[in-house]
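A short worksheet on the structure shown next.
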Amino acid sequence: MKNAMRIVSTVLLMGAGVALAQKTTPPPTMEQAKSMAMKERSDMMAKTKAMDAQVSEAMKTAKTIEGDKGKALDAQLAELQKQVKALSAQLAASPKYFDEPISKDRP
């Protein structure tokens, strides 16, 4: 009886292993990875454009505030807008990581 149970459990485990092996997906190809990276890059560019617009609106509102607090807020928003524009310029630059050939000297 114990031998029969062992045989049945072994067959079930082997069947489950085969089923799991068939369900695994192959790793993405270079073209799929490039496509996903470009989609993420375009999403980030859209988000930075939205951030730039929001900061511009906030700067307009900050200019209406009088006093030292208004000036400090305006300076902080100007710095933030400068950083957002730098990020946008970096994202707009052509990425090189897919276009460069892989060196044969790499381990």
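All residue names refer to the structure tokens as shown: chains lettered A, B, ... in order, residues numbered from 1 in each chain, ligands numbered from 1 in order.
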Just want the 8 Å neighbourhood of region 52-56 of chain A, counted on only C-alpha atoms, with same-chain residues fewer than 3 positions away dropped. Output as a CSV table (one decimal) with C-alpha atoms, in the first residue's frame.
chain,number,residue,atom,x,y,z
A,48,THR,CA,7.6,65.5,-17.3
A,49,LYS,CA,5.6,67.7,-19.7
A,59,MET,CA,4.9,79.9,-10.5
A,60,LYS,CA,2.1,82.2,-11.8
A,77,LEU,CA,9.6,76.8,-8.0
A,80,LEU,CA,12.2,72.9,-9.6
A,81,GLN,CA,11.2,74.0,-13.1
A,84,VAL,CA,12.2,69.3,-14.7
A,85,LYS,CA,13.5,70.9,-17.9
- CA of Gln32 (chain A) and CA of Ala46 (chain A), how far apart in Å?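 Atom-to-atom, CA of Ala46 (chain A) and CA of Gln32 (chain A) are spaced 21.2 Å apart.
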- Query: Could you state the separation of CA of Glu79 (chain A) and CA of Glu66 (chain A) in Å, given to one decimal place?
  - Reply: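 That distance, rounded to one decimal, is 19.0 Å.
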- Message: As an exercise, work out the distance from CA of Leu91 (chain A) to CA of Met30 (chain A) in Å and give it to one decimal place.
- Response: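 CA of Met30 (chain A) lies at a distance of 20.4 Å from CA of Leu91 (chain A).
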- Pick the closest to Gln76 (chain A) from A:Ala89, A:Ala58, A:Arg6, A:Ser35: which is it, counting only C-alpha atoms?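 Going through A:Ala89, A:Ala58, A:Arg6, A:Ser35 one by one, the smallest distance to Gln76 (chain A) is for A:Ala58.
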- Query: Hey, which of A:Met44, A:Ala86, A:Leu73, A:Met36 ends up closest to Thr61 (chain A)? Count only C-alpha atoms.
  - Reply: A:Leu73
- Message: Could you check the closest approach to Ser88 (chain A) for each of A:Ala33, A:Met45, A:Ile65, A:Met38 and tell me which residue wins, using only C-alpha atoms?
- Response: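 Of A:Ala33, A:Met45, A:Ile65, A:Met38, the one nearest Ser88 (chain A) is A:Met45, counting only C-alpha atoms.
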